[in-house]
Amino acid sequence: MGQWEGAAGLTTQAPRAAQAVTLPASLDEAVAALAAMPAAVPVAGGTDLMVAVNSGQLRPAALVGLGRISEIRGWQYQDGHALLGAGLTHARMGRPDFAALIPALAAAARAAGPPHIRNAGTLGGNIVSAAPTGDALPVLAALEATLVVAGPGGARREVPVSHLLAGVEMLRGGELVGYVRVPLLHAPQVFLKATGRTGPGRATASVALVLDPARRGVRCAVGAIAPMPLRPLEAERWVAQFIDWDNDRAIAPEVLTAFGEYVATACVPDAEPAQDGTVPPLPPAVLHLRRTVAALARRALGRALS
Ligand SMILES: Cc1cc2nc3c(=O)[nH]c(=O)nc-3n(C[C@H](O)[C@H](O)[C@H](O)COP(=O)(O)OP(=O)(O)OC[C@H]3O[C@@H](n4cnc5c(N)ncnc54)[C@H](O)[C@@H]3O)c2cc1C
């Protein structure tokens, strides 16, 4: 078990409200520490948690720091999948060796805030925070990734990322996200993000798109416009039939445009018809969002197939 320290002695970032911070060296030690202190809160990079502490929304009685658990800071290969440690930072995922493995996740990591945030913020924190603007989330949704959750007594269970984000399955008290299992598709993947301003910023809309040549599939997820990433499944199925999978994966420009519109209309639908059957126009801001999603989806597919 890692040592216990007074919060003030650990780092200048430790919240004053926290009575104790423990720094376990393994995932199972961290789970045991949480079991021993049910009021303790896990902290990885602290980039989301500290915002909540500093704004007074959260006053953790104790913290379990995950930063010294080396087993969750890298990745390994397993049965055609990559098993990504929850402690991987955005900065690490943005590097070329990782980008060669899972290009869309690397692109999302490179877009996740300014450098000091990317150096500290982790994949696991991004998932558990589950903010609509979490850049990794649409990528994990498109990849149909699965979480490996660590529980008491060395227990491990798997939870699809989409189930956690939709609230279908939750983390139980004392559980930690240990790893994220991602299929290795060996095909182009794209992540594109629109922000309200130039430079790093939170997404106003984002699109992750991956090709799955083995299943002749296109998988797409739209982020930031709803509480969780949206999958336009019909648009995915529709466009896959127009791709020349056996040759150069060519696609007609008008199909690209129609795909963008299909995705956008599925994710930003028309208003409900009025009593007389007429459909009221979308407010300008919503129309703008729909156009943004259409442009991102069209470009993402175009890049994946170029
Ligand atoms: C200025 C600023 C800009 C940002 N910009 C972006 C951006 O552009 N895109 C983006 O996606 N995000 C952005 N973020 C949000 C944040 O950096 C990310 O969500 C980051 O990935 C969070 O990771 P963390 O390790 O810092 O999480 P922490 O803050 O340590 O933890 C977040 C939550 O997850 C829990 N947690 C952490 N790890 C685990 C685990 N392994 N198991 C169970 N629970 C866990 C914690 O208890 C806490 O509830 C920004 C944040 C700031 C402050």
# chains A, B, ... in the order shown; residues from 1 in each chain; ligands from 1
$ closest_atom_pairs --of "chain A" --to "ligand 1" --cutoff "6 Å" --atoms "only C-alpha atoms and all ligand atoms" --output "CSV"
residue,atom,partner,partner_atom_place_in_ligand_line,distance
A:Val41,CA,ligand 1,47 (O),5.2
A:Pro42,CA,ligand 1,47 (O),4.1
A:Val43,CA,ligand 1,30 (O),3.9
A:Ala44,CA,ligand 1,30 (O),3.5
A:Gly45,CA,ligand 1,25 (O),3.4
A:Gly46,CA,ligand 1,29 (O),3.3
A:Thr47,CA,ligand 1,26 (O),3.6
A:Asp48,CA,ligand 1,29 (O),3.4
A:Leu49,CA,ligand 1,29 (O),3.7
A:Ala86,CA,ligand 1,41 (N),5.2
A:Ala111,CA,ligand 1,8 (O),6.0
A:Ala112,CA,ligand 1,9 (N),3.6
A:Gly113,CA,ligand 1,5 (N),3.5
A:Ile117,CA,ligand 1,17 (O),5.3
A:Ala120,CA,ligand 1,26 (O),5.9
A:Gly121,CA,ligand 1,26 (O),3.6
A:Thr122,CA,ligand 1,25 (O),3.8
A:Leu123,CA,ligand 1,21 (O),5.3
A:Gly124,CA,ligand 1,38 (N),4.5
A:Gly125,CA,ligand 1,27 (O),3.4
A:Asn126,CA,ligand 1,21 (O),3.5
A:Val128,CA,ligand 1,34 (O),4.4
A:Ser129,CA,ligand 1,33 (C),4.6
A:Thr133,CA,ligand 1,11 (O),5.7
A:Gly134,CA,ligand 1,11 (O),3.3
A:Asp135,CA,ligand 1,11 (O),3.8
A:Leu176,CA,ligand 1,42 (N),3.6
A:Val177,CA,ligand 1,42 (N),3.8
A:Gly178,CA,ligand 1,41 (N),5.6
A:Gly201,CA,ligand 1,8 (O),5.0
A:Arg202,CA,ligand 1,8 (O),4.3
$ write_last_selection --atoms "N, CA and C atoms" --output "mmCIF file, in the first residue's frame"
data_model
loop_
_atom_site.group_PDB
_atom_site.id
_atom_site.type_symbol
_atom_site.label_atom_id
_atom_site.label_comp_id
_atom_site.auth_asym_id
_atom_site.auth_seq_id
_atom_site.Cartn_x
_atom_site.Cartn_y
_atom_site.Cartn_z
ATOM 1 N N VAL A 41 -12.160 9.944 -2.941
ATOM 2 C CA VAL A 41 -12.428 10.130 -4.376
ATOM 3 C C VAL A 41 -11.127 9.842 -5.135
ATOM 4 N N PRO A 42 -11.212 9.046 -6.222
ATOM 5 C CA PRO A 42 -9.998 8.838 -7.017
ATOM 6 C C PRO A 42 -9.650 10.085 -7.817
ATOM 7 N N VAL A 43 -8.367 10.317 -7.980
ATOM 8 C CA VAL A 43 -7.928 11.457 -8.804
ATOM 9 C C VAL A 43 -6.783 10.984 -9.687
ATOM 10 N N ALA A 44 -6.891 11.310 -10.981
ATOM 11 C CA ALA A 44 -5.822 10.959 -11.927
ATOM 12 C C ALA A 44 -5.027 12.236 -12.208
ATOM 13 N N GLY A 45 -5.289 12.910 -13.326
ATOM 14 C CA GLY A 45 -4.568 14.160 -13.610
ATOM 15 C C GLY A 45 -5.098 15.339 -12.815
ATOM 16 N N GLY A 46 -6.314 15.236 -12.325
ATOM 17 C CA GLY A 46 -6.908 16.304 -11.519
ATOM 18 C C GLY A 46 -7.443 17.479 -12.328
ATOM 19 N N THR A 47 -7.396 17.415 -13.658
ATOM 20 C CA THR A 47 -7.782 18.593 -14.446
ATOM 21 C C THR A 47 -9.288 18.871 -14.402
ATOM 22 N N ASP A 48 -10.091 17.835 -14.246
ATOM 23 C CA ASP A 48 -11.534 18.043 -14.053
ATOM 24 C C ASP A 48 -11.860 18.143 -12.567
ATOM 25 N N LEU A 49 -11.269 17.261 -11.785
ATOM 26 C CA LEU A 49 -11.591 17.198 -10.356
ATOM 27 C C LEU A 49 -11.272 18.523 -9.659
ATOM 28 N N ALA A 86 -5.986 3.308 -18.280
ATOM 29 C CA ALA A 86 -6.808 4.498 -18.027
ATOM 30 C C ALA A 86 -5.954 5.707 -17.683
ATOM 31 N N ALA A 111 -6.231 17.390 -29.575
ATOM 32 C CA ALA A 111 -7.170 18.526 -29.572
ATOM 33 C C ALA A 111 -7.726 18.817 -28.185
ATOM 34 N N ALA A 112 -7.325 18.017 -27.178
ATOM 35 C CA ALA A 112 -7.967 18.107 -25.847
ATOM 36 C C ALA A 112 -7.299 19.158 -24.968
ATOM 37 N N GLY A 113 -7.598 20.405 -25.248
ATOM 38 C CA GLY A 113 -7.164 21.480 -24.369
ATOM 39 C C GLY A 113 -5.722 21.910 -24.604
ATOM 40 N N ILE A 117 -2.827 20.935 -19.848
ATOM 41 C CA ILE A 117 -3.967 20.046 -19.584
ATOM 42 C C ILE A 117 -3.702 18.683 -20.221
ATOM 43 N N ALA A 120 -1.394 16.439 -18.178
ATOM 44 C CA ALA A 120 -1.917 15.870 -16.927
ATOM 45 C C ALA A 120 -3.178 15.041 -17.150
ATOM 46 N N GLY A 121 -4.074 15.505 -18.003
ATOM 47 C CA GLY A 121 -5.389 14.865 -18.177
ATOM 48 C C GLY A 121 -5.250 13.469 -18.771
ATOM 49 N N THR A 122 -6.096 12.564 -18.302
ATOM 50 C CA THR A 122 -5.983 11.156 -18.711
ATOM 51 C C THR A 122 -7.229 10.669 -19.451
ATOM 52 N N LEU A 123 -7.042 9.531 -20.101
ATOM 53 C CA LEU A 123 -8.147 8.867 -20.800
ATOM 54 C C LEU A 123 -9.246 8.477 -19.802
ATOM 55 N N GLY A 124 -8.854 7.871 -18.688
ATOM 56 C CA GLY A 124 -9.838 7.431 -17.691
ATOM 57 C C GLY A 124 -10.625 8.598 -17.125
ATOM 58 N N GLY A 125 -9.932 9.700 -16.846
ATOM 59 C CA GLY A 125 -10.614 10.889 -16.319
ATOM 60 C C GLY A 125 -11.600 11.454 -17.329
ATOM 61 N N ASN A 126 -11.211 11.444 -18.589
ATOM 62 C CA ASN A 126 -12.096 11.936 -19.648
ATOM 63 C C ASN A 126 -13.369 11.100 -19.709
ATOM 64 N N VAL A 128 -14.671 9.052 -17.228
ATOM 65 C CA VAL A 128 -15.498 9.070 -16.005
ATOM 66 C C VAL A 128 -16.144 10.445 -15.822
ATOM 67 N N SER A 129 -15.447 11.514 -16.209
ATOM 68 C CA SER A 129 -16.089 12.837 -16.159
ATOM 69 C C SER A 129 -17.297 12.872 -17.087
ATOM 70 N N THR A 133 -18.384 17.487 -23.888
ATOM 71 C CA THR A 133 -17.266 17.961 -24.716
ATOM 72 C C THR A 133 -16.017 17.096 -24.579
ATOM 73 N N GLY A 134 -16.108 15.975 -23.909
ATOM 74 C CA GLY A 134 -14.947 15.084 -23.797
ATOM 75 C C GLY A 134 -14.544 14.600 -25.188
ATOM 76 N N ASP A 135 -13.341 14.933 -25.597
ATOM 77 C CA ASP A 135 -12.959 14.656 -26.987
ATOM 78 C C ASP A 135 -12.735 13.173 -27.271
ATOM 79 N N LEU A 176 -12.842 1.151 -10.128
ATOM 80 C CA LEU A 176 -12.028 2.059 -10.935
ATOM 81 C C LEU A 176 -12.007 1.575 -12.380
ATOM 82 N N VAL A 177 -11.904 2.514 -13.307
ATOM 83 C CA VAL A 177 -11.640 2.125 -14.693
ATOM 84 C C VAL A 177 -10.151 1.792 -14.773
ATOM 85 N N GLY A 178 -9.855 0.560 -15.157
ATOM 86 C CA GLY A 178 -8.453 0.153 -15.262
ATOM 87 C C GLY A 178 -7.924 0.308 -16.674
ATOM 88 N N GLY A 201 -9.822 24.777 -27.556
ATOM 89 C CA GLY A 201 -11.082 25.131 -26.905
ATOM 90 C C GLY A 201 -11.962 23.907 -26.851
ATOM 91 N N ARG A 202 -13.044 24.012 -26.075
ATOM 92 C CA ARG A 202 -13.986 22.897 -25.995
ATOM 93 C C ARG A 202 -14.752 22.793 -27.307
#
$ select_by_dssp --residues "stretch 54-246 of chain A" --states "strand (DSSP E or B)" --output "MDAnalysis selection string"
chainID A and resid 62:65 75:78 81:85 89 122 146:150 156:160 176:183 189:195 203:212 217:223 230
$ write_last_selection --atoms "C-alpha atoms" --output "mmCIF file, in the first residue's frame"
data_model
loop_
_atom_site.group_PDB
_atom_site.id
_atom_site.type_symbol
_atom_site.label_atom_id
_atom_site.label_comp_id
_atom_site.auth_asym_id
_atom_site.auth_seq_id
_atom_site.Cartn_x
_atom_site.Cartn_y
_atom_site.Cartn_z
ATOM 1 C CA ALA A 62 -9.822 12.037 1.088
ATOM 2 C CA LEU A 63 -8.164 11.374 -2.237
ATOM 3 C CA VAL A 64 -6.767 8.231 -3.835
ATOM 4 C CA GLY A 65 -4.182 9.391 -6.373
ATOM 5 C CA TRP A 75 -0.882 -0.070 -23.408
ATOM 6 C CA GLN A 76 -0.552 -3.666 -24.522
ATOM 7 C CA TYR A 77 -1.846 -5.826 -27.358
ATOM 8 C CA GLN A 78 -4.480 -8.478 -26.750
ATOM 9 C CA HIS A 81 -7.245 -5.243 -29.589
ATOM 10 C CA ALA A 82 -5.234 -2.630 -27.743
ATOM 11 C CA LEU A 83 -5.675 -2.589 -23.988
ATOM 12 C CA LEU A 84 -5.161 1.054 -23.083
ATOM 13 C CA GLY A 85 -4.352 2.009 -19.507
ATOM 14 C CA THR A 89 -2.344 11.072 -20.720
ATOM 15 C CA THR A 122 -5.983 11.156 -18.711
ATOM 16 C CA THR A 146 -15.149 -1.515 -23.775
ATOM 17 C CA LEU A 147 -13.997 -0.591 -20.281
ATOM 18 C CA VAL A 148 -12.237 -3.047 -18.021
ATOM 19 C CA VAL A 149 -13.412 -2.078 -14.558
ATOM 20 C CA ALA A 150 -11.458 -3.110 -11.462
ATOM 21 C CA ARG A 156 -12.624 -7.364 -13.260
ATOM 22 C CA ARG A 157 -15.758 -6.764 -15.323
ATOM 23 C CA GLU A 158 -16.293 -5.309 -18.773
ATOM 24 C CA VAL A 159 -18.652 -2.458 -19.548
ATOM 25 C CA PRO A 160 -19.180 -1.008 -23.053
ATOM 26 C CA LEU A 176 -12.028 2.059 -10.935
ATOM 27 C CA VAL A 177 -11.640 2.125 -14.693
ATOM 28 C CA GLY A 178 -8.453 0.153 -15.262
ATOM 29 C CA TYR A 179 -8.258 -0.212 -19.014
ATOM 30 C CA VAL A 180 -10.061 0.570 -22.237
ATOM 31 C CA ARG A 181 -10.237 -2.219 -24.815
ATOM 32 C CA VAL A 182 -10.156 -0.851 -28.357
ATOM 33 C CA PRO A 183 -10.267 -2.939 -31.564
ATOM 34 C CA GLN A 189 -9.777 6.944 -38.857
ATOM 35 C CA VAL A 190 -10.534 10.630 -38.478
ATOM 36 C CA PHE A 191 -11.486 12.925 -35.600
ATOM 37 C CA LEU A 192 -12.571 16.496 -36.388
ATOM 38 C CA LYS A 193 -13.630 19.132 -33.895
ATOM 39 C CA ALA A 194 -15.277 22.527 -34.261
ATOM 40 C CA THR A 195 -14.728 25.073 -31.491
ATOM 41 C CA ALA A 203 -15.841 21.344 -28.902
ATOM 42 C CA THR A 204 -19.103 22.835 -30.091
ATOM 43 C CA ALA A 205 -19.392 19.737 -32.276
ATOM 44 C CA SER A 206 -17.055 16.899 -33.137
ATOM 45 C CA VAL A 207 -17.125 13.864 -35.399
ATOM 46 C CA ALA A 208 -15.181 10.630 -35.087
ATOM 47 C CA LEU A 209 -15.262 8.314 -38.076
ATOM 48 C CA VAL A 210 -13.578 4.934 -38.444
ATOM 49 C CA LEU A 211 -13.509 2.486 -41.329
ATOM 50 C CA ASP A 212 -13.869 -1.201 -40.584
ATOM 51 C CA GLY A 217 -18.455 -0.843 -42.255
ATOM 52 C CA VAL A 218 -18.290 2.861 -41.541
ATOM 53 C CA ARG A 219 -18.742 3.842 -37.904
ATOM 54 C CA CYS A 220 -19.354 7.422 -36.938
ATOM 55 C CA ALA A 221 -20.122 9.261 -33.696
ATOM 56 C CA VAL A 222 -20.991 12.911 -33.178
ATOM 57 C CA GLY A 223 -19.779 14.521 -29.957
ATOM 58 C CA LEU A 230 -24.652 10.109 -30.956
#
$ select_by_dssp --residues "stretch 40-251 of chain A" --states "helix (DSSP H, G or I)" --output "PyMOL selection string"
chain A and resi 49-54+70-72+90-93+96-101+103-110+115-120+123-129+136-143+152-154+161-166+213-215+233-240
$ residues_around --residues "A:Pro281" --least-positions-apart "5" --cutoff "12 Å" --atoms "only C-alpha atoms" --output "list in words"
Pro269, Asp270, Ala271, Glu272, Pro273, Ala274, Val286 and Leu287 of chain A
$ closest_residue --among "A:Leu101, A:Cys267, A:Ala35, A:Ile225" --to "A:Ala187" --atoms "only C-alpha atoms"
A:Leu101
$ atom_distance --atom1 "atom CA of A:Leu185" --atom2 "atom CA of A:Ala266"
25.6 Å
$ closest_residue --among "A:Leu256, A:Ala106, A:Val31, A:Met170" --to "A:Gly153" --atoms "only C-alpha atoms"
A:Val31
$ atom_distance --atom1 "atom CA of A:His90" --atom2 "atom CA of A:Pro138"
15.0 Å
$ closest_residue --among "A:Ile69, A:Val293, A:Ala304, A:Ala226" --to "A:Ser26" --atoms "only C-alpha atoms"
A:Ile69
$ residues_around --residues "A:Glu29" --least-positions-apart "4" --cutoff "10 Å" --atoms "only C-alpha atoms" --output "list in words"
Met1, Gly2, Thr22, Leu23, Pro24, Ala25, Ala33, Leu34, Ala35, Val64, Ile69, Pro152, Gly153 and Gly154 of chain A
$ write_last_selection --atoms "N, CA and C atoms" --output "CSV table (one decimal), in the first residue's frame"
chain,number,residue,atom,x,y,z
A,1,MET,N,0.9,-1.2,0.0
A,1,MET,CA,0.0,0.0,0.0
A,1,MET,C,0.9,1.2,0.0
A,2,GLY,N,0.5,2.2,-0.8
A,2,GLY,CA,1.3,3.5,-0.8
A,2,GLY,C,1.1,4.2,0.5
A,22,THR,N,-3.8,9.2,-0.5
A,22,THR,CA,-3.0,8.0,-0.6
A,22,THR,C,-2.6,7.7,-2.0
A,23,LEU,N,-1.4,7.2,-2.2
A,23,LEU,CA,-0.8,7.1,-3.5
A,23,LEU,C,-0.4,5.6,-3.8
A,24,PRO,N,-1.4,4.8,-4.1
A,24,PRO,CA,-1.2,3.3,-4.3
A,24,PRO,C,-0.3,3.1,-5.5
A,25,ALA,N,0.4,1.9,-5.6
A,25,ALA,CA,1.3,1.6,-6.7
A,25,ALA,C,0.6,0.6,-7.6
A,33,ALA,N,-7.7,0.8,-1.3
A,33,ALA,CA,-7.7,2.1,-0.6
A,33,ALA,C,-9.1,2.7,-0.6
A,34,LEU,N,-9.8,2.5,-1.7
A,34,LEU,CA,-11.2,3.1,-1.8
A,34,LEU,C,-12.2,2.3,-0.9
A,35,ALA,N,-11.9,1.0,-0.8
A,35,ALA,CA,-12.8,0.2,0.1
A,35,ALA,C,-12.6,0.6,1.5
A,64,VAL,N,-7.6,9.4,-3.4
A,64,VAL,CA,-6.8,8.2,-3.8
A,64,VAL,C,-6.2,8.6,-5.2
A,69,ILE,N,0.4,4.6,-10.5
A,69,ILE,CA,0.1,3.2,-11.0
A,69,ILE,C,0.6,3.0,-12.4
A,152,PRO,N,-13.3,-4.8,-6.0
A,152,PRO,CA,-12.7,-5.4,-4.8
A,152,PRO,C,-12.3,-6.9,-5.1
A,153,GLY,N,-11.2,-7.3,-4.4
A,153,GLY,CA,-10.7,-8.6,-4.5
A,153,GLY,C,-10.2,-9.0,-5.8
A,154,GLY,N,-9.7,-8.1,-6.6
A,154,GLY,CA,-9.1,-8.4,-7.9
A,154,GLY,C,-10.1,-8.6,-9.0
$ atom_distance --atom1 "atom CA of A:Ser306" --atom2 "atom CA of A:Ala252"
11.5 Å
$ residues_around --residues "stretch 161-169 of chain A" --least-positions-apart "4" --cutoff "7 Å" --atoms "only C-alpha atoms" --output "PyMOL selection string"
chain A and resi 130+140-141+145-147+228
$ write_last_selection --atoms "N, CA and C atoms" --output "tab-separated table (two decimals), in the first residue's frame"
chain	number	residue	atom	x	y	z
A	130	ALA	N	-17.19	12.19	-18.23
A	130	ALA	CA	-18.29	12.05	-19.20
A	130	ALA	C	-18.90	13.39	-19.59
A	140	LEU	N	-14.28	6.77	-28.86
A	140	LEU	CA	-14.51	5.47	-28.20
A	140	LEU	C	-15.88	4.91	-28.59
A	141	ALA	N	-16.85	5.80	-28.79
A	141	ALA	CA	-18.18	5.35	-29.22
A	141	ALA	C	-18.10	4.76	-30.62
A	145	ALA	N	-15.66	0.77	-28.05
A	145	ALA	CA	-14.68	0.36	-27.04
A	145	ALA	C	-15.38	-0.14	-25.78
A	146	THR	N	-14.63	-0.91	-25.01
A	146	THR	CA	-15.15	-1.51	-23.78
A	146	THR	C	-14.22	-1.16	-22.62
A	147	LEU	N	-14.80	-0.88	-21.47
A	147	LEU	CA	-14.00	-0.59	-20.28
A	147	LEU	C	-13.74	-1.88	-19.51
A	228	MET	N	-24.38	12.73	-24.55
A	228	MET	CA	-23.47	11.62	-24.86
A	228	MET	C	-23.27	11.59	-26.38
$ residues_around --residues "A:Val255" --least-positions-apart "6" --cutoff "12 Å" --atoms "only C-alpha atoms" --output "count of residues only"
14
